[in-house]
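Here is data-v5.txt, consisting of compact mmCIF, C-alpha atoms and all ligand atoms:
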# COMPACT_ATOMS: atom_id res chain seq x y z
CA MET E 1 -34.04 0.58 3.75
CA HIS E 2 -32.62 -0.70 0.44
CA LYS E 3 -31.12 -4.17 0.64
CA VAL E 4 -27.96 -4.92 -1.33
CA LEU E 5 -26.52 -8.39 -1.84
CA VAL E 6 -22.83 -8.75 -2.69
CA ALA E 7 -22.64 -12.23 -4.26
CA THR E 8 -19.05 -13.18 -4.99
CA ASP E 9 -18.05 -16.77 -5.45
CA LYS E 10 -14.50 -15.38 -5.63
CA PRO E 11 -14.55 -12.87 -2.76
CA PHE E 12 -13.14 -9.36 -2.83
CA ALA E 13 -10.13 -8.72 -0.61
CA LYS E 14 -11.19 -7.94 2.98
CA ILE E 15 -10.05 -4.33 2.65
CA ALA E 16 -12.43 -3.89 -0.31
CA SER E 17 -15.38 -5.67 1.37
CA ASP E 18 -14.92 -3.50 4.46
CA GLN E 19 -15.05 -0.33 2.36
CA ILE E 20 -18.14 -1.52 0.45
CA ARG E 21 -19.85 -2.32 3.77
CA GLN E 22 -18.91 1.13 5.11
CA ILE E 23 -20.27 2.98 2.04
CA PHE E 24 -23.64 1.24 2.31
CA HIS E 25 -23.74 1.70 6.08
CA GLU E 26 -23.18 5.47 5.69
CA ALA E 27 -25.92 5.62 3.04
CA GLY E 28 -28.33 3.81 5.38
CA TYR E 29 -28.55 0.69 3.19
CA GLU E 30 -28.54 -2.92 4.36
CA CYS E 31 -25.65 -4.85 2.82
CA VAL E 32 -25.18 -8.62 3.02
CA PHE E 33 -22.41 -10.76 1.57
CA LEU E 34 -22.66 -14.22 0.02
CA GLU E 35 -19.12 -15.45 -0.61
CA LYS E 36 -17.56 -18.72 -1.81
CA TYR E 37 -20.97 -20.26 -2.36
CA THR E 38 -21.04 -23.70 -3.93
CA THR E 39 -24.43 -23.95 -5.61
CA GLN E 40 -26.38 -21.54 -7.82
CA GLN E 41 -29.38 -22.17 -5.55
CA GLU E 42 -27.57 -20.36 -2.72
CA PHE E 43 -27.27 -17.30 -4.96
CA ILE E 44 -30.94 -17.57 -6.02
CA ASP E 45 -32.03 -17.81 -2.37
CA ALA E 46 -29.83 -14.96 -1.18
CA ALA E 47 -31.01 -12.65 -3.98
CA GLN E 48 -34.70 -13.30 -3.32
CA ASP E 49 -35.33 -10.17 -1.24
CA ALA E 50 -32.48 -7.97 -2.55
CA GLU E 51 -33.16 -4.74 -4.45
CA ALA E 52 -29.58 -4.52 -5.71
CA VAL E 53 -26.92 -7.14 -6.37
CA ILE E 54 -23.18 -6.73 -6.88
CA ILE E 55 -21.45 -9.61 -8.65
CA ARG E 56 -18.12 -10.47 -10.26
CA SER E 57 -18.04 -13.45 -12.65
CA ASP E 58 -21.04 -14.86 -10.78
CA LYS E 59 -23.89 -15.94 -13.03
CA ALA E 60 -26.85 -13.59 -12.76
CA ASP E 61 -28.99 -15.90 -14.88
CA ALA E 62 -32.72 -15.88 -15.56
CA ASP E 63 -33.42 -17.96 -12.42
CA VAL E 64 -31.68 -15.46 -10.16
CA ILE E 65 -33.44 -12.53 -11.82
CA LYS E 66 -36.96 -13.92 -11.97
CA ASN E 67 -36.87 -15.19 -8.38
CA ALA E 68 -35.73 -11.82 -7.04
CA GLY E 69 -39.05 -10.01 -7.00
CA LYS E 70 -37.69 -6.74 -5.57
CA LEU E 71 -34.57 -6.60 -7.73
CA ARG E 72 -33.98 -3.29 -9.54
CA ILE E 73 -30.28 -3.26 -10.34
CA VAL E 74 -27.38 -5.67 -10.90
CA VAL E 75 -23.88 -4.24 -11.03
CA ARG E 76 -21.10 -6.39 -12.39
CA ALA E 77 -18.04 -5.14 -10.49
CA GLY E 78 -15.78 -5.48 -13.50
CA ALA E 79 -15.77 -5.12 -17.26
CA GLY E 80 -17.34 -8.15 -18.98
CA TYR E 81 -21.06 -8.73 -18.40
CA ASP E 82 -21.48 -11.90 -20.46
CA ASN E 83 -22.37 -13.61 -17.14
CA VAL E 84 -25.60 -11.60 -16.83
CA ASP E 85 -28.76 -12.59 -18.66
CA LEU E 86 -29.48 -9.16 -20.12
CA LYS E 87 -32.68 -10.29 -21.80
CA ALA E 88 -34.15 -11.62 -18.55
CA ALA E 89 -33.02 -8.47 -16.72
CA THR E 90 -34.65 -6.16 -19.27
CA GLU E 91 -37.85 -8.23 -19.27
CA HIS E 92 -38.04 -7.88 -15.48
CA GLY E 93 -37.22 -4.16 -15.51
CA VAL E 94 -33.82 -4.71 -13.91
CA VAL E 95 -31.00 -2.30 -14.79
CA VAL E 96 -27.61 -3.91 -15.44
CA MET E 97 -24.35 -1.96 -15.14
CA ASN E 98 -20.64 -2.71 -15.22
CA THR E 99 -17.72 -0.71 -13.80
CA PRO E 100 -15.49 -0.24 -16.85
CA GLY E 101 -11.80 0.46 -16.33
CA GLN E 102 -11.75 -0.19 -12.61
CA ASN E 103 -9.82 -3.46 -12.71
CA SER E 104 -7.96 -3.02 -16.00
CA ASN E 105 -4.47 -2.35 -14.68
CA ALA E 106 -4.58 -5.52 -12.58
CA VAL E 107 -5.50 -7.60 -15.64
CA ALA E 108 -2.76 -6.01 -17.75
CA GLU E 109 -0.11 -6.60 -15.09
CA LEU E 110 -1.03 -10.28 -14.85
CA ALA E 111 -0.76 -10.62 -18.63
CA PHE E 112 2.90 -9.57 -18.34
CA GLY E 113 3.47 -11.80 -15.31
CA MET E 114 2.37 -14.78 -17.40
CA MET E 115 4.31 -13.63 -20.47
CA VAL E 116 7.58 -13.40 -18.54
CA TYR E 117 6.90 -16.73 -16.82
CA GLN E 118 6.37 -18.46 -20.15
CA ALA E 119 9.16 -16.64 -22.00
CA ARG E 120 11.50 -17.79 -19.19
CA LYS E 121 10.45 -21.41 -19.75
CA GLN E 122 8.24 -21.48 -16.67
CA PHE E 123 11.37 -20.87 -14.57
CA ASN E 124 12.64 -24.40 -15.25
CA GLY E 125 16.27 -23.33 -15.19
CA SER E 126 16.96 -23.40 -18.94
CA SER E 127 17.55 -20.23 -20.99
CA GLY E 128 14.43 -18.37 -21.96
CA THR E 129 13.92 -15.21 -23.98
CA GLU E 130 13.29 -11.53 -23.25
CA LEU E 131 10.33 -9.37 -24.17
CA LYS E 132 12.51 -6.43 -25.25
CA ASP E 133 12.41 -5.77 -29.02
CA LYS E 134 9.63 -8.31 -29.56
CA THR E 135 6.35 -7.29 -31.13
CA ILE E 136 3.06 -7.47 -29.25
CA GLY E 137 -0.34 -7.22 -30.92
CA ILE E 138 -3.19 -6.00 -28.77
CA HIS E 139 -6.48 -7.47 -29.94
CA ALA E 140 -9.03 -4.82 -28.86
CA TYR E 141 -7.74 -1.50 -27.62
CA GLY E 142 -10.04 -0.84 -24.67
CA ASN E 143 -9.24 -0.17 -21.02
CA VAL E 144 -7.08 -3.27 -20.52
CA GLY E 145 -5.49 -3.00 -23.97
CA LYS E 146 -4.31 0.53 -23.19
CA HIS E 147 -2.60 -0.59 -19.98
CA VAL E 148 -1.01 -3.49 -21.87
CA ALA E 149 0.39 -0.98 -24.39
CA ARG E 150 1.82 1.21 -21.64
CA ILE E 151 3.52 -1.68 -19.86
CA ALA E 152 4.76 -3.24 -23.13
CA LYS E 153 6.53 0.00 -23.97
CA GLY E 154 8.26 -0.16 -20.59
CA PHE E 155 9.57 -3.60 -21.56
CA GLY E 156 10.89 -2.13 -24.83
CA MET E 157 8.41 -4.01 -27.03
CA LYS E 158 7.04 -2.79 -30.33
CA VAL E 159 3.28 -2.39 -29.84
CA CYS E 160 0.57 -2.87 -32.49
CA ALA E 161 -3.19 -2.95 -31.99
CA PHE E 162 -6.36 -3.77 -33.86
CA ASP E 163 -9.71 -2.38 -32.83
CA PRO E 164 -12.34 -1.36 -35.38
CA PHE E 165 -14.06 0.81 -32.75
CA VAL E 166 -11.02 2.91 -31.81
CA PRO E 167 -9.71 5.60 -34.18
CA SER E 168 -6.12 5.10 -35.37
CA GLU E 169 -5.21 8.56 -34.00
CA VAL E 170 -5.88 7.38 -30.44
CA MET E 171 -3.44 4.50 -30.88
CA ILE E 172 -0.86 6.65 -32.63
CA SER E 173 -0.94 9.24 -29.84
CA ASP E 174 -0.25 6.37 -27.38
CA GLY E 175 2.77 5.30 -29.46
CA VAL E 176 0.94 2.23 -30.74
CA VAL E 177 0.94 1.12 -34.39
CA PRO E 178 -2.64 0.64 -35.62
CA VAL E 179 -3.16 -2.31 -37.94
CA GLN E 180 -6.12 -2.59 -40.26
CA SER E 181 -7.23 -6.20 -39.83
CA VAL E 182 -7.18 -9.12 -37.41
CA ASP E 183 -5.25 -11.15 -39.99
CA GLU E 184 -2.55 -8.49 -40.17
CA LEU E 185 -2.31 -8.30 -36.38
CA TYR E 186 -1.78 -12.04 -35.92
CA SER E 187 0.56 -12.49 -38.88
CA SER E 188 2.83 -9.65 -37.76
CA CYS E 189 3.04 -10.08 -33.97
CA GLN E 190 4.94 -12.74 -32.03
CA TYR E 191 2.88 -11.98 -28.92
CA ILE E 192 -0.88 -11.48 -29.04
CA SER E 193 -2.77 -10.20 -26.02
CA LEU E 194 -6.52 -10.81 -26.23
CA HIS E 195 -9.01 -8.27 -24.91
CA ILE E 196 -12.16 -8.93 -26.90
CA PRO E 197 -15.44 -9.58 -25.08
CA ALA E 198 -17.29 -12.89 -25.42
CA ASN E 199 -20.38 -12.41 -27.55
CA GLU E 200 -22.11 -14.11 -30.46
CA LYS E 201 -19.64 -12.57 -32.92
CA THR E 202 -16.43 -13.34 -31.05
CA LYS E 203 -17.12 -16.81 -29.60
CA LYS E 204 -14.65 -19.39 -31.01
CA SER E 205 -13.26 -16.67 -33.31
CA ILE E 206 -9.61 -17.30 -32.38
CA GLY E 207 -8.57 -20.51 -34.04
CA HIS E 208 -6.24 -22.30 -36.41
CA LYS E 209 -6.18 -19.77 -39.24
CA LEU E 210 -5.04 -16.88 -37.05
CA LEU E 211 -2.75 -18.85 -34.76
CA VAL E 212 -0.76 -20.62 -37.48
CA SER E 213 -0.18 -17.27 -39.17
CA MET E 214 1.71 -15.91 -36.13
CA PRO E 215 5.49 -15.43 -36.44
CA GLU E 216 8.05 -17.84 -34.95
CA ASN E 217 7.88 -18.48 -31.19
CA ALA E 218 4.32 -17.25 -31.07
CA MET E 219 2.64 -16.70 -27.72
CA LEU E 220 -1.09 -16.14 -27.22
CA VAL E 221 -2.01 -14.40 -23.97
CA ASN E 222 -5.65 -14.66 -22.96
CA THR E 223 -6.93 -12.58 -20.07
CA ALA E 224 -10.27 -12.08 -21.86
CA ARG E 225 -12.64 -15.07 -22.00
CA LYS E 226 -12.14 -18.77 -22.76
CA GLU E 227 -15.21 -18.71 -25.02
CA VAL E 228 -13.42 -16.64 -27.68
CA ILE E 229 -10.98 -19.50 -28.34
CA ASN E 230 -11.80 -22.38 -30.66
CA GLU E 231 -10.27 -24.98 -28.35
CA THR E 232 -10.36 -27.86 -30.85
CA GLU E 233 -8.28 -25.76 -33.21
CA LEU E 234 -6.06 -24.54 -30.38
CA LEU E 235 -5.10 -28.17 -29.66
CA GLN E 236 -4.44 -28.68 -33.35
CA VAL E 237 -2.08 -25.67 -33.36
CA PHE E 238 -0.23 -27.00 -30.30
CA ALA E 239 0.27 -30.31 -32.10
CA GLU E 240 1.42 -28.68 -35.35
CA ARG E 241 3.64 -25.91 -33.97
CA LYS E 242 6.36 -26.79 -31.47
CA ASP E 243 7.12 -23.07 -31.08
CA PHE E 244 3.60 -22.05 -30.02
CA SER E 245 2.68 -21.28 -26.43
CA TYR E 246 -0.49 -20.19 -24.68
CA VAL E 247 -0.97 -18.52 -21.31
CA SER E 248 -4.27 -17.59 -19.74
CA ASP E 249 -5.90 -16.58 -16.48
CA ILE E 250 -8.96 -18.63 -17.39
CA GLU E 251 -9.00 -22.44 -17.25
CA PRO E 252 -9.86 -23.76 -20.71
CA ASP E 253 -12.40 -26.57 -21.09
CA CYS E 254 -9.66 -28.64 -22.76
CA LEU E 255 -7.39 -28.44 -19.70
CA ALA E 256 -6.83 -32.22 -19.56
CA GLU E 257 -5.78 -32.38 -23.23
CA LEU E 258 -3.42 -29.44 -22.77
CA ASP E 259 -1.47 -31.46 -20.22
CA ALA E 260 0.35 -33.03 -23.18
CA PHE E 261 1.79 -29.56 -23.93
CA LYS E 262 2.39 -28.37 -20.39
CA GLY E 263 5.81 -26.82 -21.04
CA ARG E 264 4.11 -24.51 -23.54
CA PHE E 265 0.88 -23.88 -21.68
CA TYR E 266 0.14 -22.18 -18.38
CA CYS E 267 -3.08 -21.06 -16.75
CA THR E 268 -3.83 -19.71 -13.31
CA PRO E 269 -5.94 -22.01 -11.12
CA LYS E 270 -8.74 -19.41 -10.87
CA LYS E 271 -9.59 -16.35 -12.91
CA MET E 272 -6.95 -14.14 -11.37
CA GLY E 273 -6.54 -11.11 -13.65
CA ALA E 274 -8.63 -8.74 -11.57
CA GLN E 275 -7.70 -10.31 -8.25
CA THR E 276 -5.73 -7.52 -6.58
CA GLU E 277 -6.65 -5.43 -3.57
CA GLU E 278 -6.54 -2.31 -5.71
CA ALA E 279 -8.83 -3.70 -8.41
CA ASN E 280 -11.22 -5.10 -5.78
CA ILE E 281 -11.38 -1.72 -4.06
CA ASN E 282 -11.80 0.23 -7.31
CA ALA E 283 -14.45 -2.04 -8.83
CA GLY E 284 -16.25 -2.76 -5.55
CA ILE E 285 -16.48 0.89 -4.52
CA ALA E 286 -17.54 1.96 -8.02
CA ALA E 287 -20.31 -0.66 -7.93
CA ALA E 288 -21.50 0.50 -4.48
CA ARG E 289 -21.51 4.17 -5.54
CA GLN E 290 -23.34 3.37 -8.78
CA ILE E 291 -26.07 1.58 -6.82
CA ILE E 292 -26.51 4.49 -4.42
CA ALA E 293 -26.55 7.01 -7.31
CA PHE E 294 -29.17 4.85 -9.03
CA PHE E 295 -31.50 4.74 -6.02
CA GLU E 296 -30.93 8.34 -4.91
CA HIS E 297 -30.76 10.17 -8.27
CA ASN E 298 -31.97 7.64 -10.83
CA ASP E 299 -28.44 7.81 -12.32
CA VAL E 300 -28.10 5.14 -15.00
CA THR E 301 -24.57 5.94 -16.20
CA PHE E 302 -22.88 2.62 -17.09
CA LYS E 303 -26.20 0.91 -17.84
CA VAL E 304 -25.58 -1.84 -20.42
CA ASN E 305 -29.13 -3.09 -21.10
C1 LIG N 401 -13.79 -8.59 -15.85
O1 LIG N 401 -14.56 -8.84 -16.79
O2 LIG N 401 -13.87 -7.54 -15.20
C2 LIG N 401 -12.67 -9.53 -15.53
O3 LIG N 401 -12.76 -10.68 -16.30
C3 LIG N 401 -12.55 -9.85 -14.05
O4 LIG N 401 -13.47 -10.79 -13.58
P1 LIG N 401 -13.57 -11.15 -12.02
O5 LIG N 401 -14.16 -9.99 -11.32
O6 LIG N 401 -14.41 -12.37 -11.94
O7 LIG N 401 -12.18 -11.41 -11.50
Full structure transcribed into structure tokens:
Amino acid sequence: MHKVLVATDKPFAKIASDQIRQIFHEAGYECVFLEKYTTQQEFIDAAQDAEAVIIRSDKADADVIKNAGKLRIVVRAGAGYDNVDLKAATEHGVVVMNTPGQNSNAVAELAFGMMVYQARKQFNGSSGTELKDKTIGIHAYGNVGKHVARIAKGFGMKVCAFDPFVPSEVMISDGVVPVQSVDELYSSCQYISLHIPANEKTKKSIGHKLLVSMPENAMLVNTARKEVINETELLQVFAERKDFSYVSDIEPDCLAELDAFKGRFYCTPKKMGAQTEEANINAGIAAARQIIAFFEHNDVTFKVN
């Protein structure tokens, strides 16, 4: 009987966990959950005899992987897999997958929740502004970026996007204006919604130069990763520009310093973008099915290493 560990520091909604449990039960697999754990050692211990692990933003680091002697597959129930040590996984013959697209709508909806909250002055009673007729620049036109474009059009925004990996025709057919460079995106859009992954190329890539170039009343919306922001320069921009605001569903490292700008900064207490029942069900079930397809048919669709 294959043993699957679902290790989620931030648990799935009960409705999603129940369905994951049911899928593995029907397939004749053993499925155990480790939720809200407080130390990495608990994850290492729980993974020790697992053949498959489902995670969210949990860190599947080298210690987890090398101590799990039977491990054959790790599925990140979500999009970004920067929390998995791909090198260690490959060295130990462990397949790593993600579940692209399954939680994207949830992330896009939260981006707009935060944009409205900030544009309305954090609901402090004074007059805010509307999104209608404003310009939004989508930085990376992947699964989340596409949902952001769709919702932005509903708000009556003008939508631009930059993504060197997506042909302009795809954007144009979605009613989105393709721009040719990051510089052009930032300098022409009052709102920027970030959807780039965190990797060696993108880490700390969003900083002073781009942010000061944004038009008046600029707002940066980050539902991607905190690592892509140069936080020292972000603080500098806050100090220089009284019209700049920043909203995010990821707590920055410079949270304490940002307190000085709290009317222009908001972040959710936990990483909340993908935290809906629907996204939990979609990503959790996709992860469970991918694991079963891997063991039963050697299906490695969505393998990222
Ligand atoms: C993702 O990469 O899928 C999102 O950042 C969501 O992460 P989470 O599953 O930890 O909420």
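You will find atom CA of E:Phe295 at 20.8 Å from atom CA of E:Ala88.
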Close residues, E:Ala108 itself excluded, 8 Å, only C-alpha atoms, min 5 positions apart in chain, as a VMD selection string | chain E and resid 144 to 145 147 to 148 151 273
Shell around E:Gly156 at 10 Å using all atoms listed in the file, local window under 2 positions removed, as a count of residues only | 12
12 Å contact set for E:Arg241, only C-alpha atoms, chain neighbours under 2 positions out, as a VMD selection string = chain E and resid 208 211 to 219 233 to 239 243 to 246 261 264
So which one's closest to ligand LIG 401 (chain N), E:Phe12, E:Phe123, E:Tyr141, E:Phe43? Using all atoms listed in the file, please.
-> E:Phe12
Kindly compile the residues surrounding ligand LIG 401 (chain N) within 10 Å, counting all atoms listed in the file, and format them as a ChimeraX atom specification.
-> /E:8-12,55-58,76-83,98-104,106-107,144,195,197-198,223-225,249-250,270-276,279-280,283-284
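In this comparison, which uses all atoms listed in the file, the residue of E:Asn199, E:Ser126, E:Gln180, E:Asn105 approaching E:Asn143 most closely is E:Asn105.
Ranking E:Ser181, E:Gln19, E:Ser193, E:Ser127 by their shortest atom-to-atom distance to E:Lys146, with all atoms listed in the file included, puts E:Ser193 first.
Note that the spacing between atom CA of E:Cys254 and atom CA of E:Ile196 amounts to 20.3 Å.
For the pair atom CA of E:Val247 and atom CA of E:Lys209, the interatomic distance is 18.7 Å.
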Residue nearest E:Ala286 - candidates E:Ala260, E:Lys66, E:Ile23, E:Val182, atoms counted: only C-alpha atoms = E:Ile23
Using all atoms of stretch 13-18 of chain E that appear in the file, construct an axis-aligned enclosing box with 5 Å of padding on every side and provide its centre coordinates and edge lengths in Å, rounded to one decimal, as lines of an AutoDock Vina configuration file.
center_x = -12.7
center_y = -6.1
center_z = 1.9
size_x = 15.3
size_y = 15.2
size_z = 15.1
Selected residue, from E:Ala111, E:Met171, E:Val53, E:Ile136, that lies nearest to E:Ser187 when counting only C-alpha atoms = E:Ile136
Output file: stretch 162-247 of chain E, C-alpha atoms, as an mmCIF file, in the first residue's frame:
data_model
loop_
_atom_site.group_PDB
_atom_site.id
_atom_site.type_symbol
_atom_site.label_atom_id
_atom_site.label_comp_id
_atom_site.auth_asym_id
_atom_site.auth_seq_id
_atom_site.Cartn_x
_atom_site.Cartn_y
_atom_site.Cartn_z
ATOM 1 C CA PHE E 162 4.602 42.075 -20.204
ATOM 2 C CA ASP E 163 5.756 38.504 -20.577
ATOM 3 C CA PRO E 164 8.655 37.539 -22.837
ATOM 4 C CA PHE E 165 7.411 33.934 -22.915
ATOM 5 C CA VAL E 166 3.872 34.687 -24.121
ATOM 6 C CA PRO E 167 3.222 35.720 -27.741
ATOM 7 C CA SER E 168 1.635 39.162 -28.185
ATOM 8 C CA GLU E 169 -1.236 37.556 -30.141
ATOM 9 C CA VAL E 170 -2.368 35.670 -27.026
ATOM 10 C CA MET E 171 -2.607 38.921 -25.078
ATOM 11 C CA ILE E 172 -4.276 40.776 -27.936
ATOM 12 C CA SER E 173 -6.927 38.072 -28.304
ATOM 13 C CA ASP E 174 -7.657 38.504 -24.566
ATOM 14 C CA GLY E 175 -8.092 42.263 -25.069
ATOM 15 C CA VAL E 176 -4.792 42.994 -23.341
ATOM 16 C CA VAL E 177 -2.193 45.448 -24.662
ATOM 17 C CA PRO E 178 1.219 43.753 -24.895
ATOM 18 C CA VAL E 179 4.169 45.932 -23.941
ATOM 19 C CA GLN E 180 7.703 45.184 -25.018
ATOM 20 C CA SER E 181 9.718 45.746 -21.845
ATOM 21 C CA VAL E 182 9.479 45.762 -18.065
ATOM 22 C CA ASP E 183 10.491 49.426 -18.069
ATOM 23 C CA GLU E 184 7.618 50.291 -20.383
ATOM 24 C CA LEU E 185 5.144 48.335 -18.256
ATOM 25 C CA TYR E 186 6.066 50.114 -15.023
ATOM 26 C CA SER E 187 6.360 53.590 -16.527
ATOM 27 C CA SER E 188 2.943 53.365 -18.189
ATOM 28 C CA CYS E 189 0.757 51.659 -15.559
ATOM 29 C CA GLN E 190 -0.597 53.146 -12.330
ATOM 30 C CA TYR E 191 -1.301 49.659 -10.993
ATOM 31 C CA ILE E 192 1.173 46.805 -11.342
ATOM 32 C CA SER E 193 0.189 43.250 -10.471
ATOM 33 C CA LEU E 194 3.167 40.944 -9.983
ATOM 34 C CA HIS E 195 3.070 37.326 -11.123
ATOM 35 C CA ILE E 196 6.700 36.430 -11.694
ATOM 36 C CA PRO E 197 8.189 33.379 -9.970
ATOM 37 C CA ALA E 198 11.055 33.691 -7.469
ATOM 38 C CA ASN E 199 14.250 32.414 -9.043
ATOM 39 C CA GLU E 200 17.869 33.491 -9.388
ATOM 40 C CA LYS E 201 16.952 35.909 -12.188
ATOM 41 C CA THR E 202 13.943 37.546 -10.543
ATOM 42 C CA LYS E 203 15.010 37.796 -6.882
ATOM 43 C CA LYS E 204 15.196 41.467 -5.769
ATOM 44 C CA SER E 205 14.451 42.506 -9.367
ATOM 45 C CA ILE E 206 11.624 44.900 -8.426
ATOM 46 C CA GLY E 207 13.205 47.956 -6.917
ATOM 47 C CA HIS E 208 13.722 51.698 -6.996
ATOM 48 C CA LYS E 209 14.281 52.151 -10.726
ATOM 49 C CA LEU E 210 11.014 50.516 -11.739
ATOM 50 C CA LEU E 211 8.892 51.789 -8.865
ATOM 51 C CA VAL E 212 9.839 55.465 -9.162
ATOM 52 C CA SER E 213 9.028 55.321 -12.871
ATOM 53 C CA MET E 214 5.370 54.435 -12.184
ATOM 54 C CA PRO E 215 2.721 57.108 -12.873
ATOM 55 C CA GLU E 216 1.074 59.205 -10.145
ATOM 56 C CA ASN E 217 -0.750 57.331 -7.358
ATOM 57 C CA ALA E 218 1.149 54.169 -8.141
ATOM 58 C CA MET E 219 0.121 50.909 -6.504
ATOM 59 C CA LEU E 220 2.191 47.722 -6.516
ATOM 60 C CA VAL E 221 0.200 44.542 -5.914
ATOM 61 C CA ASN E 222 2.248 41.499 -4.968
ATOM 62 C CA THR E 223 0.586 38.106 -4.833
ATOM 63 C CA ALA E 224 3.740 36.450 -6.204
ATOM 64 C CA ARG E 225 6.718 36.146 -3.827
ATOM 65 C CA LYS E 226 8.351 38.542 -1.357
ATOM 66 C CA GLU E 227 11.787 37.532 -2.663
ATOM 67 C CA VAL E 228 11.242 39.341 -5.982
ATOM 68 C CA ILE E 229 11.123 42.703 -4.188
ATOM 69 C CA ASN E 230 14.244 44.636 -3.269
ATOM 70 C CA GLU E 231 12.914 45.630 0.148
ATOM 71 C CA THR E 232 15.634 48.186 0.934
ATOM 72 C CA GLU E 233 14.704 50.025 -2.239
ATOM 73 C CA LEU E 234 10.994 49.553 -1.578
ATOM 74 C CA LEU E 235 11.408 51.448 1.717
ATOM 75 C CA GLN E 236 13.329 54.144 -0.128
ATOM 76 C CA VAL E 237 10.441 54.518 -2.612
ATOM 77 C CA PHE E 238 7.917 54.778 0.236
ATOM 78 C CA ALA E 239 9.999 57.565 1.766
ATOM 79 C CA GLU E 240 10.418 59.425 -1.537
ATOM 80 C CA ARG E 241 6.918 59.062 -2.982
ATOM 81 C CA LYS E 242 3.932 60.050 -0.864
ATOM 82 C CA ASP E 243 1.620 58.747 -3.612
ATOM 83 C CA PHE E 244 3.022 55.200 -3.664
ATOM 84 C CA SER E 245 1.244 52.259 -2.074
ATOM 85 C CA TYR E 246 1.962 48.561 -1.781
ATOM 86 C CA VAL E 247 -0.373 45.663 -1.058
#
